[in-house]
Structure formats: structure tokens, C-alpha cells
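S.K.: So I've got this file, coords27.cif, and it contains mmCIF, C-alpha atoms and all ligand atoms:
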data_entry
#
loop_
_atom_site.label_atom_id
_atom_site.label_comp_id
_atom_site.auth_asym_id
_atom_site.auth_seq_id
_atom_site.Cartn_x
_atom_site.Cartn_y
_atom_site.Cartn_z
CA MET A 411 0.00 0.00 0.00
CA LEU A 412 1.13 3.61 0.09
CA ILE A 413 2.54 3.40 3.57
CA ILE A 414 4.59 0.26 3.78
CA SER A 415 5.02 -0.96 7.30
CA LYS A 416 7.38 -3.74 8.18
CA ASP A 417 5.83 -6.97 9.33
CA LYS A 418 6.91 -6.89 12.93
CA ASN A 419 4.77 -9.86 13.88
CA SER A 420 5.17 -8.84 17.45
CA LEU A 421 3.66 -11.94 19.02
CA ASN A 422 5.90 -14.69 20.22
CA GLU A 423 4.97 -18.34 20.01
CA SER A 424 4.26 -18.72 23.71
CA GLN A 425 1.31 -16.37 23.40
CA VAL A 426 -2.24 -17.51 22.85
CA THR A 427 -2.56 -20.40 20.42
CA ASP A 428 -6.22 -21.39 20.51
CA GLU A 429 -6.38 -23.42 17.31
CA ASN A 430 -6.84 -26.63 19.26
CA ILE A 431 -9.72 -25.15 21.18
CA TYR A 432 -11.24 -24.09 17.87
CA GLN A 433 -10.85 -27.57 16.38
CA GLN A 434 -12.47 -29.14 19.45
CA ARG A 435 -15.34 -26.66 19.35
CA ARG A 436 -15.92 -27.39 15.67
CA LYS A 437 -16.48 -31.04 16.54
CA VAL A 438 -18.93 -30.11 19.30
CA ILE A 439 -20.84 -27.69 17.07
CA LYS A 440 -21.05 -30.26 14.29
CA GLY A 441 -22.48 -32.72 16.80
CA LEU A 442 -25.14 -30.24 17.84
CA GLY A 443 -26.24 -29.65 14.28
CA PHE A 444 -27.18 -26.40 12.66
CA ALA A 445 -29.24 -24.21 14.97
CA GLY A 446 -30.93 -22.12 12.30
CA ALA A 447 -31.97 -18.61 13.11
CA SER A 448 -30.53 -18.33 16.60
CA SER A 449 -26.94 -18.37 15.48
CA LEU A 450 -25.47 -16.50 18.40
CA LEU A 451 -24.66 -18.83 21.25
CA ALA A 452 -24.28 -17.60 24.77
CA ALA A 453 -20.66 -16.93 25.66
CA THR A 454 -19.48 -20.06 27.41
CA GLY A 455 -16.31 -19.10 29.14
CA VAL A 456 -14.31 -19.53 25.94
CA PRO A 457 -10.96 -17.78 26.25
CA LEU A 458 -10.94 -14.35 24.74
CA ASN A 459 -9.01 -14.30 21.53
CA ALA A 460 -8.27 -10.61 21.30
CA ILE A 461 -4.62 -9.94 21.92
CA ALA A 462 -4.35 -6.22 22.36
CA LYS A 463 -1.23 -5.10 24.11
CA ASN A 464 -2.30 -1.59 24.99
CA SER A 465 -6.04 -1.73 25.24
CA GLN A 466 -7.73 -1.37 28.60
CA GLN A 467 -10.63 -3.58 27.68
CA LYS A 468 -10.44 -6.66 25.47
CA PHE A 469 -13.17 -7.08 22.90
CA LYS A 470 -15.32 -10.12 23.60
CA THR A 471 -16.03 -12.46 20.70
CA THR A 472 -18.94 -14.92 20.83
CA PRO A 473 -19.17 -18.48 19.45
CA LEU A 474 -21.43 -18.89 16.42
CA THR A 475 -23.26 -21.87 14.99
CA PHE A 476 -22.84 -22.56 11.30
CA SER A 477 -23.01 -25.22 8.63
CA GLN A 478 -20.05 -26.55 6.72
CA SER A 479 -19.57 -25.53 3.10
CA ASN A 480 -17.85 -27.32 0.27
CA ALA A 481 -17.57 -24.15 -1.79
CA ALA A 482 -14.03 -23.83 -3.14
CA LYS A 483 -12.60 -25.90 -0.30
CA VAL A 484 -8.83 -25.49 -0.02
CA SER A 485 -6.41 -28.03 1.35
CA ASP A 486 -3.90 -25.38 2.45
CA LYS A 487 -2.95 -25.32 6.12
CA LEU A 488 -4.86 -22.75 8.13
CA THR A 489 -3.04 -19.66 9.35
CA PRO A 490 -3.09 -19.82 13.16
CA GLU A 491 -5.79 -17.69 14.72
CA HIS A 492 -3.40 -15.56 16.76
CA LYS A 493 -1.72 -14.44 13.54
CA VAL A 494 -5.01 -13.79 11.74
CA ILE A 495 -6.07 -11.42 14.52
CA SER A 496 -2.77 -9.67 15.19
CA HIS A 497 -1.37 -8.95 11.69
CA ASN A 498 -3.97 -6.68 10.13
CA ASN A 499 -4.62 -3.89 7.70
CA PHE A 500 -7.33 -1.63 9.07
CA TYR A 501 -6.05 1.92 8.65
CA GLU A 502 -8.95 3.39 10.63
CA PHE A 503 -7.09 2.01 13.67
CA GLY A 504 -3.56 2.77 12.44
CA SER A 505 -1.47 1.86 9.41
CA LYS A 506 0.99 -0.49 11.13
CA LYS A 507 0.20 -4.19 11.20
CA GLU A 508 -0.08 -4.48 14.98
CA GLN A 509 -2.06 -1.26 15.50
CA PRO A 510 -5.58 -2.46 14.60
CA ALA A 511 -5.48 -5.12 17.35
CA GLU A 512 -3.99 -2.64 19.80
CA ASN A 513 -6.34 0.26 19.13
CA SER A 514 -9.71 -1.33 18.40
CA GLN A 515 -10.59 -3.34 21.47
CA ALA A 516 -13.11 -0.82 22.82
CA PHE A 517 -14.88 -0.57 19.43
CA LYS A 518 -18.69 -0.74 19.82
CA VAL A 519 -20.41 -3.05 17.35
CA ASP A 520 -23.82 -3.42 19.03
CA PRO A 521 -26.00 -1.50 18.21
CA TRP A 522 -25.09 -1.58 14.50
CA GLN A 523 -27.00 -0.67 11.37
CA LEU A 524 -26.28 -1.99 7.90
CA LYS A 525 -28.30 -0.11 5.29
CA VAL A 526 -29.03 -1.73 1.90
CA SER A 527 -30.21 0.88 -0.58
CA GLY A 528 -29.91 2.40 -4.07
CA HIS A 529 -31.45 0.90 -7.23
CA VAL A 530 -33.52 -1.69 -5.41
CA ASP A 531 -37.27 -2.24 -5.03
CA LYS A 532 -37.01 -3.29 -1.38
CA PRO A 533 -34.42 -1.28 0.56
CA PHE A 534 -33.90 -2.41 4.16
CA THR A 535 -31.68 -1.96 7.19
CA LEU A 536 -30.31 -4.78 9.33
CA ASP A 537 -29.59 -4.42 13.03
CA TYR A 538 -26.81 -6.24 14.88
CA GLN A 539 -28.81 -9.40 15.68
CA GLN A 540 -30.13 -9.68 12.12
CA LEU A 541 -26.57 -9.82 10.74
CA PHE A 542 -26.34 -13.25 12.38
CA SER A 543 -29.89 -14.53 12.10
CA LEU A 544 -31.37 -13.57 8.74
CA PHE A 545 -29.21 -15.79 6.55
CA THR A 546 -27.75 -19.26 6.97
CA LEU A 547 -24.19 -18.95 8.24
CA GLU A 548 -21.61 -21.22 6.69
CA GLU A 549 -17.90 -21.71 7.10
CA ARG A 550 -15.72 -21.00 4.09
CA ILE A 551 -12.00 -21.61 4.21
CA TYR A 552 -10.41 -19.13 1.81
CA ARG A 553 -6.98 -17.85 0.92
CA LEU A 554 -6.50 -14.14 1.52
CA ARG A 555 -3.82 -12.55 -0.69
CA CYS A 556 -2.82 -9.01 0.23
CA VAL A 557 -1.55 -6.70 -2.50
CA GLU A 558 1.56 -6.32 -0.30
CA ALA A 559 2.49 -9.94 -1.22
CA TRP A 560 1.69 -11.78 2.02
CA SER A 561 -1.15 -14.28 2.38
CA MET A 562 -3.14 -16.26 4.92
CA VAL A 563 -5.68 -19.10 4.95
CA ILE A 564 -8.70 -18.18 7.06
CA PRO A 565 -11.86 -20.05 8.14
CA TRP A 566 -14.49 -17.35 7.67
CA LEU A 567 -18.10 -17.56 8.81
CA GLY A 568 -20.71 -15.71 6.83
CA PHE A 569 -23.35 -15.74 4.14
CA ARG A 570 -23.43 -15.05 0.42
CA LEU A 571 -23.63 -11.40 -0.56
CA ALA A 572 -25.94 -12.63 -3.35
CA ASP A 573 -28.55 -13.65 -0.75
CA LEU A 574 -28.59 -10.17 0.76
CA ILE A 575 -28.76 -8.47 -2.66
CA LYS A 576 -31.60 -10.73 -3.81
CA LYS A 577 -33.58 -9.78 -0.71
CA ALA A 578 -33.35 -6.11 -1.74
CA GLN A 579 -34.57 -6.90 -5.29
CA PRO A 580 -32.23 -4.83 -7.48
CA ASN A 581 -33.80 -3.16 -10.53
CA SER A 582 -32.38 -2.85 -14.04
CA LYS A 583 -30.38 0.29 -13.18
CA ALA A 584 -28.23 -1.62 -10.67
CA LYS A 585 -24.85 -2.40 -12.30
CA TYR A 586 -22.37 -2.05 -9.41
CA VAL A 587 -22.33 -2.44 -5.65
CA LYS A 588 -20.79 0.23 -3.46
CA PHE A 589 -19.71 -0.49 0.13
CA LYS A 590 -18.94 1.96 2.90
CA THR A 591 -17.16 1.51 6.25
CA LEU A 592 -18.36 3.24 9.41
CA HIS A 593 -17.15 6.83 9.75
CA ASP A 594 -16.68 7.56 13.44
CA PRO A 595 -13.47 9.46 14.24
CA LYS A 596 -14.27 9.28 17.96
CA GLN A 597 -13.88 5.50 17.85
CA MET A 598 -11.43 5.22 14.97
CA PRO A 599 -8.21 7.11 15.69
CA GLY A 600 -6.96 6.75 12.11
CA GLN A 601 -9.96 8.77 10.93
CA ALA A 602 -9.22 11.50 13.45
CA ASN A 603 -5.51 11.72 12.64
CA ARG A 604 -4.50 11.88 8.98
CA TYR A 605 -0.96 10.66 9.64
CA MET A 606 -2.12 7.66 11.65
CA GLY A 607 -4.79 6.84 9.08
CA GLY A 608 -2.38 6.68 6.14
CA GLY A 609 -3.63 9.84 4.43
CA ILE A 610 -6.94 8.25 3.41
CA ASN A 611 -10.05 10.38 3.03
CA TYR A 612 -12.58 8.45 5.08
CA PRO A 613 -14.98 6.70 4.99
CA TYR A 614 -13.27 3.77 3.26
CA VAL A 615 -15.24 2.86 0.13
CA GLU A 616 -15.07 -0.26 -2.04
CA GLY A 617 -17.01 -1.60 -4.99
CA LEU A 618 -17.77 -4.63 -7.13
CA ARG A 619 -19.46 -5.15 -10.45
CA LEU A 620 -22.92 -6.65 -9.85
CA ASP A 621 -21.97 -10.03 -11.37
CA GLU A 622 -18.87 -10.19 -9.12
CA ALA A 623 -21.05 -9.40 -6.13
CA MET A 624 -23.50 -12.17 -7.08
CA ASN A 625 -20.74 -14.78 -7.53
CA ASP A 626 -21.03 -17.75 -5.20
CA LEU A 627 -17.59 -17.08 -3.68
CA THR A 628 -18.43 -13.56 -2.53
CA LEU A 629 -19.05 -13.62 1.18
CA LEU A 630 -20.24 -11.21 3.81
CA SER A 631 -18.33 -12.44 6.82
CA VAL A 632 -19.51 -12.06 10.41
CA GLY A 633 -16.98 -14.38 12.01
CA LEU A 634 -13.76 -16.34 11.84
CA TYR A 635 -12.42 -19.39 13.64
CA GLY A 636 -15.91 -20.23 14.91
CA LYS A 637 -16.62 -16.90 16.60
CA THR A 638 -17.82 -13.40 15.81
CA LEU A 639 -15.18 -11.18 14.19
CA PRO A 640 -12.84 -9.24 16.43
CA PRO A 641 -12.78 -5.50 15.57
CA GLN A 642 -9.35 -5.64 13.95
CA ASN A 643 -10.74 -8.06 11.33
CA GLY A 644 -13.78 -5.90 10.54
CA ALA A 645 -16.49 -6.54 13.13
CA PRO A 646 -19.36 -6.89 12.94
CA ILE A 647 -19.49 -7.50 9.16
CA ARG A 648 -16.95 -7.34 6.33
CA LEU A 649 -16.63 -8.40 2.72
CA VAL A 650 -14.48 -11.35 1.53
CA THR A 651 -13.62 -11.75 -2.16
CA PRO A 652 -10.88 -14.40 -2.19
CA TRP A 653 -9.82 -13.98 -5.83
CA LYS A 654 -9.09 -10.28 -5.34
CA TYR A 655 -6.36 -8.47 -3.42
CA GLY A 656 -7.28 -8.00 0.23
CA PHE A 657 -7.97 -4.27 0.00
CA LYS A 658 -11.28 -5.06 -1.74
CA SER A 659 -12.41 -6.86 1.45
CA ILE A 660 -13.85 -3.79 3.14
CA LYS A 661 -14.39 -3.99 6.90
CA SER A 662 -17.05 -2.83 9.39
CA ILE A 663 -19.62 -2.10 6.67
CA VAL A 664 -22.55 0.25 7.35
CA GLU A 665 -23.84 0.77 3.82
CA ILE A 666 -24.31 -1.37 0.71
CA GLU A 667 -25.68 0.62 -2.20
CA LEU A 668 -26.69 -0.66 -5.63
CA VAL A 669 -25.52 1.96 -8.12
CA SER A 670 -25.45 2.43 -11.89
CA SER A 671 -21.82 3.42 -12.44
CA GLN A 672 -18.44 2.22 -11.18
CA PRO A 673 -17.90 3.59 -7.66
CA LYS A 674 -14.82 5.61 -6.82
CA THR A 675 -12.91 3.40 -4.40
CA THR A 676 -10.48 4.39 -1.66
CA TRP A 677 -7.12 2.99 -2.83
CA ASN A 678 -7.88 3.64 -6.48
CA LYS A 679 -8.49 7.31 -5.67
CA LEU A 680 -5.22 7.51 -3.72
CA ALA A 681 -3.04 5.91 -6.41
CA ALA A 682 -4.87 4.80 -9.56
CA ASN A 683 -1.66 3.58 -11.21
CA GLU A 684 -1.00 1.18 -8.31
CA TYR A 685 -4.46 -0.03 -7.23
CA GLY A 686 -7.02 -0.83 -9.90
CA PHE A 687 -10.76 -1.15 -9.46
CA TYR A 688 -10.73 -4.86 -10.30
CA ALA A 689 -7.71 -5.82 -8.17
CA ASN A 690 -7.86 -9.45 -9.27
CA VAL A 691 -4.89 -11.45 -7.98
CA ASN A 692 -2.61 -11.78 -10.99
CA PRO A 693 1.00 -13.01 -10.80
CA GLU A 694 1.65 -11.66 -14.29
CA VAL A 695 0.82 -8.04 -13.57
CA ASP A 696 3.29 -6.55 -11.11
CA HIS A 697 2.60 -3.71 -8.75
CA PRO A 698 4.68 -0.75 -10.02
CA ARG A 699 6.89 -1.04 -6.92
CA TRP A 700 7.13 -4.81 -6.42
CA SER A 701 6.56 -8.19 -8.06
CA GLN A 702 3.27 -10.04 -7.63
CA ALA A 703 4.71 -13.37 -8.84
CA SER A 704 5.09 -14.80 -5.34
CA GLU A 705 3.85 -14.28 -1.81
CA ARG A 706 4.85 -14.93 1.78
CA ARG A 707 2.36 -17.38 3.27
CA ILE A 708 1.89 -16.68 6.94
CA THR A 709 1.72 -20.03 8.70
CA SER A 710 2.48 -21.40 12.13
CA GLY A 711 5.96 -21.51 13.52
CA GLY A 712 8.89 -19.17 13.23
CA LEU A 713 10.98 -17.81 10.43
CA PHE A 714 11.43 -21.07 8.54
CA ALA A 715 7.70 -21.76 8.38
CA ARG A 716 7.01 -18.47 6.64
CA ASN A 717 6.96 -19.90 3.19
CA ARG A 718 7.42 -18.05 -0.02
CA ILE A 719 5.10 -19.61 -2.57
CA GLU A 720 4.10 -18.86 -6.12
CA THR A 721 1.04 -16.69 -6.49
CA GLN A 722 -1.77 -18.28 -8.51
CA MET A 723 -3.94 -16.55 -11.09
CA PHE A 724 -7.14 -15.36 -9.39
CA ASN A 725 -5.53 -16.65 -6.19
CA GLY A 726 -6.37 -20.19 -7.35
CA TYR A 727 -10.10 -19.49 -7.86
CA GLY A 728 -10.04 -19.37 -11.68
CA ASP A 729 -12.63 -22.16 -12.07
CA GLU A 730 -15.14 -20.07 -10.16
CA VAL A 731 -14.42 -16.58 -11.51
CA ALA A 732 -12.38 -16.55 -14.74
CA HIS A 733 -15.59 -16.41 -16.83
CA LEU A 734 -16.40 -13.00 -15.31
CA TYR A 735 -13.43 -11.47 -17.16
CA LYS A 736 -13.64 -13.27 -20.51
CA GLY A 737 -12.32 -11.08 -23.32
CA MET A 738 -11.04 -8.38 -20.94
CA ASN A 739 -7.49 -7.10 -21.04
CA LEU A 740 -6.38 -7.87 -17.47
CA GLU A 741 -3.20 -5.83 -17.78
CA LYS A 742 -5.28 -2.75 -18.48
CA ASN A 743 -8.09 -3.67 -16.11
CA PHE A 744 -5.83 -4.55 -13.19
N1 LIG B 801 -11.23 -2.08 5.26
C1 LIG B 801 -11.17 -0.88 5.85
N2 LIG B 801 -12.30 -0.25 6.19
N3 LIG B 801 -9.98 -0.26 6.10
C2 LIG B 801 -8.79 -0.84 5.75
O1 LIG B 801 -7.71 -0.25 5.98
N4 LIG B 801 -7.69 -2.77 4.68
C3 LIG B 801 -7.84 -3.75 3.60
C4 LIG B 801 -9.00 -4.71 3.87
N5 LIG B 801 -10.17 -3.99 4.36
C5 LIG B 801 -8.82 -2.11 5.11
C6 LIG B 801 -10.09 -2.73 4.91
C7 LIG B 801 -6.63 -4.50 3.34
S1 LIG B 801 -5.36 -3.66 2.59
C8 LIG B 801 -6.51 -5.84 3.59
S2 LIG B 801 -5.16 -6.73 3.08
C9 LIG B 801 -7.55 -6.55 4.36
O2 LIG B 801 -8.59 -5.68 4.83
C10 LIG B 801 -6.91 -7.22 5.55
O3 LIG B 801 -7.83 -8.00 6.26
P1 LIG B 801 -7.34 -8.67 7.62
O4 LIG B 801 -6.76 -7.61 8.49
O5 LIG B 801 -8.59 -9.28 8.21
O6 LIG B 801 -6.32 -9.71 7.24
#
So, in terms of C-alpha cells, how does the structure I just supplied come out?
Ligand code: MTE
M.R.:
Amino acid sequence: MLIISKDKNSLNESQVTDENIYQQRRKVIKGLGFAGASSLLAATGVPLNAIAKNSQQKFKTTPLTFSQSNAAKVSDKLTPEHKVISHNNFYEFGSKKEQPAENSQAFKVDPWQLKVSGHVDKPFTLDYQQLFSLFTLEERIYRLRCVEAWSMVIPWLGFRLADLIKKAQPNSKAKYVKFKTLHDPKQMPGQANRYMGGGINYPYVEGLRLDEAMNDLTLLSVGLYGKTLPPQNGAPIRLVTPWKYGFKSIKSIVEIELVSSQPKTTWNKLAANEYGFYANVNPEVDHPRWSQASERRITSGGLFARNRIETQMFNGYGDEVAHLYKGMNLEKNF
């Protein structure tokens, strides 16, 4: 991105590693079966997974019930949870990798309002509880490839964006989908301080073409590793588009608007020559300042486990999405 911060990965291996707990809980939840509408379970003394060094109060995540999904299942090893929630890009809480976890633990997600509007016949607004209860939650294990050339493998929980869009009944003028993050400088120090927030004009905005938004892979995520999202990963609801660079996966969404022309998106406005609207993972089109041919996969263990691997076209999801870009020049439409 524009401000390149070194991966300090400040956690050491003796700190929280709750993958085993997660795996055990998965077995229990599977045994219970899918609980339908009441997807939020009561907190059951599960260890908190937020690892903020400086925060006074740690954000409390809550176990969720969900069904398993076979959609685009990957065999890659999961990135350990403590790395997923401590190495983040969320400039509203600071542009260094460790800052979102440090600065977001007091973030208020309930009450929340997600407005769905624009060229639709049935606009609506969801409250916090409805984010978890209106649609069937499923687990999707996806690769996340950041434009900065690191990657993770994350078990997300969520529902298809297509299901939400269908509920709003888009009309023929709807061609694109525009997403907006909460704008609340009192809670988000990066919005209050231009230097801390990486020089971005907030709110953070992202967009997809309507057919990309309706693709089966496109997820609205409300959780990871079996629980609600911690703030640093975009609580209470964020987008996940696994074939695109991570900056498309906008966090803490308050507005989804169906629009007729291509929305102006945050990173594209900041540096159009570096960050395209499409942002499809493509090892053959380099970022002007670095190669996109390979990536550093963040896994468990120390230095030697941090593998450099070859980046795959569409991040390995070509079977599901290549048809969306048939006949397009992907060097031009990067
Ligand atoms: N959404 C908002 N609102 N603000 C951000 O700074 N960063 C993006 C994306 N979504 C960002 C955001 C970038 S650059 C990446 S790589 C992913 O979030 C990182 O998601 P993660 O921290 O859950 O790994």
C-alpha cells in the first residue's frame, strides 16, 4: 500500500494459540447440528481471543453456529488464529500491522445498522442481531492474498452477498455495488488523525461489479475461527472476495448501495496507477513497486515456516471466476 510498514509480527509463540480449542469446538458444534436462526450462542467461558497489548478492555467475541460448506474448499494449512487477529490492515485504527489489534478493542459493534439501498425495489436496514440470524451462516476456508504480497488461509463464517442483494430486489439500473465503512473518528483514531490513518479520506469505500457481487464465492463475513469477528478483522461485518487483493475486502460495513456506475474506491483514488478497481490477484501483472509473482504465506511456527510460494492466477479461484473477465485485457483492467 502507500505506507509500507514492516511486518513486525510482534507476538511470540508462547502467546495464545487457541487453534486446538477451535478444532475441538468445531467437533462439538457439528455434533449439535445447525441451529438455524438463533446463530449467536451464549458466551461459554471460551478464552478471549483478542490480543491487544495496549487496550484497557479486550473485545469479547462470541461463538457462532454454522453449517459446513464445500464451496471452493482449499487443502492449504490454516493460518493460526493468533496471527489472523494480530497482523492486520485496518487503517482506521492505524497503518501499522499491529495497531488495529492494539487500538480497536473498545470498538462498539452493538447496536449496529447496515443499510441496503440504491437501485432496489425493497431497501432495508439490518440491526446487529439480524446480521447473524437472517441468513444461513456457513464456514468458508479461503486464501486471503494481500496486495503487499503476504497471504493467509482463514476459516471465515458468513453468508453469500448474493442472498442479501436478492432480498433487496435490485432493478435494471443496478450495475455495481458500493460499500462503505463506518465513519466515526471518535472511535477510529486513524480517521481523526491523517498521519495515523495513512492519508486516506474516510470513509473507506469499495465496490464490485454486480456479477462479481453475485458470484457464489463472494461472502459477507460475520466471524472467523468459529466466533464473531474481532474488531481488527472488521467486526461486525466485512466483505471477503478471495480472488481479489485483500484491499477489496472492506471492513465494518454500514452501507451497501446498488448503483449504476463504477464507484470511486479508496485505494484507487489515492493511487490509480498502483491499485485498480478490479484488483484481481494476478502473478503476471506486477505492482509498479514490487513483483506479484510470489507471496509470503503466513503459517504457524517461526521464520522457517514463513513460506514463499508462487502466487496463482485469481488466487487459485479461476474455475469459479475466470468467466467473469472473458475477453477483458487484465493488464489494463488490473
Ligand atoms: N477495510 C477498511 N475499512 N480499512 C482498511 O484499511 N484494509 C484492507 C481490507 N479492508 C482495510 C479494509 C486490506 S489492505 C486488507 S489486506 C484486508 O482488509 C486485511 O484484512 P485482515 O486484516 O482481516 O487480514
S.K.: So which one's closest to ligand LIG 801 (chain B), A:Lys470, A:Arg718, A:His529, A:Arg553? Using all atoms listed in the file, please.
M.R.: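 Ranked by minimum distance to ligand LIG 801 (chain B), first place goes to A:Arg553.
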S.K.: Give the residues close to ligand LIG 801 (chain B), within 9 Å, counting all atoms listed in the file; write them as a PyMOL selection string.
M.R.: chain A and resi 411+494-505+507+510+554-558+560-562+564+590-592+607-608+610+612-616+642-644+648-650+655-663+677
S.K.: For the atom pair atom CA of A:Lys585 and atom CA of A:Ala482, what is the interatomic distance in Å to one decimal place?
M.R.: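 Between atom CA of A:Lys585 and atom CA of A:Ala482 the gap is 25.7 Å.
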S.K.: Between A:Leu634, A:Leu734, A:Leu541, A:Asp573, single out the one closest to A:Leu618, counting all atoms listed in the file.
M.R.: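 Closest residue, counting all atoms listed in the file: A:Leu734.
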S.K.: For atom CA of A:Thr651 and atom CA of A:Lys506, determine how far apart the two atoms are, in Å to one decimal place.
M.R.: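 Computing it gives 22.7 Å between the two atoms.
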S.K.: If I take atom CA of A:Ser670 and atom CA of A:Ser582, how far is one from the other in Å, to one decimal?
M.R.: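 Interatomic distance here is 9.0 Å.
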S.K.: Could you pull the residues within 12 Å of stretch 696-699 of chain A, counting only C-alpha atoms, minus those fewer than 2 positions along the same chain, as an mmCIF file with C-alpha atoms, in the coordinates of the input?
M.R.:
data_model
loop_
_atom_site.group_PDB
_atom_site.id
_atom_site.type_symbol
_atom_site.label_atom_id
_atom_site.label_comp_id
_atom_site.auth_asym_id
_atom_site.auth_seq_id
_atom_site.Cartn_x
_atom_site.Cartn_y
_atom_site.Cartn_z
ATOM 1 C CA MET A 411 0.000 0.000 0.000
ATOM 2 C CA LEU A 412 1.130 3.610 0.090
ATOM 3 C CA ILE A 414 4.590 0.260 3.780
ATOM 4 C CA CYS A 556 -2.820 -9.010 0.230
ATOM 5 C CA VAL A 557 -1.550 -6.700 -2.500
ATOM 6 C CA GLU A 558 1.560 -6.320 -0.300
ATOM 7 C CA ALA A 559 2.490 -9.940 -1.220
ATOM 8 C CA TYR A 655 -6.360 -8.470 -3.420
ATOM 9 C CA ALA A 681 -3.040 5.910 -6.410
ATOM 10 C CA ALA A 682 -4.870 4.800 -9.560
ATOM 11 C CA ASN A 683 -1.660 3.580 -11.210
ATOM 12 C CA GLU A 684 -1.000 1.180 -8.310
ATOM 13 C CA TYR A 685 -4.460 -0.030 -7.230
ATOM 14 C CA GLY A 686 -7.020 -0.830 -9.900
ATOM 15 C CA ALA A 689 -7.710 -5.820 -8.170
ATOM 16 C CA ASN A 690 -7.860 -9.450 -9.270
ATOM 17 C CA VAL A 691 -4.890 -11.450 -7.980
ATOM 18 C CA ASN A 692 -2.610 -11.780 -10.990
ATOM 19 C CA PRO A 693 1.000 -13.010 -10.800
ATOM 20 C CA GLU A 694 1.650 -11.660 -14.290
ATOM 21 C CA SER A 701 6.560 -8.190 -8.060
ATOM 22 C CA GLN A 702 3.270 -10.040 -7.630
ATOM 23 C CA ALA A 703 4.710 -13.370 -8.840
ATOM 24 C CA SER A 704 5.090 -14.800 -5.340
ATOM 25 C CA THR A 721 1.040 -16.690 -6.490
ATOM 26 C CA LEU A 740 -6.380 -7.870 -17.470
ATOM 27 C CA GLU A 741 -3.200 -5.830 -17.780
ATOM 28 C CA LYS A 742 -5.280 -2.750 -18.480
ATOM 29 C CA PHE A 744 -5.830 -4.550 -13.190
#
S.K.: Determine the nearest neighbour of A:Ile575 from the options A:Pro533, A:Pro521, A:Gly609, A:Gly600, counting all atoms listed in the file.
M.R.: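 Of the candidates, the smallest distance to A:Ile575 is held by A:Pro533.
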S.K.: I'd like the neighbourhood of A:Ile666 as a VMD selection string, where a residue qualifies if any of its atoms comes within 8 Å (using only C-alpha atoms), though same-chain residues fewer than 5 positions away should be ignored.
M.R.: chain A and resid 524 to 527 587 to 590
S.K.: So, counting all atoms listed in the file, which residue among A:Trp700, A:Thr638, A:Val632, A:Phe534 is closest to A:Lys576?
M.R.: A:Phe534
S.K.: With distances taken over all atoms listed in the file, which residue among A:Ala645, A:Ala602, A:Val669, A:Leu629 lies nearest A:Gly617?
M.R.: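 Of all the options, A:Val669 lies closest to A:Gly617.
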S.K.: I'd like to know which of A:Pro652, A:Pro646, A:Pro640, A:Pro595 is closest to A:Val563, using all atoms listed in the file.
M.R.: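 Going through A:Pro652, A:Pro646, A:Pro640, A:Pro595 one by one, the smallest distance to A:Val563 is for A:Pro652.
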S.K.: Do a neighbour search on A:Lys487 at 12 Å with only C-alpha atoms, toss out local chain neighbours closer than 4 positions, and write the hits as an MDAnalysis selection string.
M.R.: chainID A and resid 429 483 491 551:553 561:565 707:710 715 717
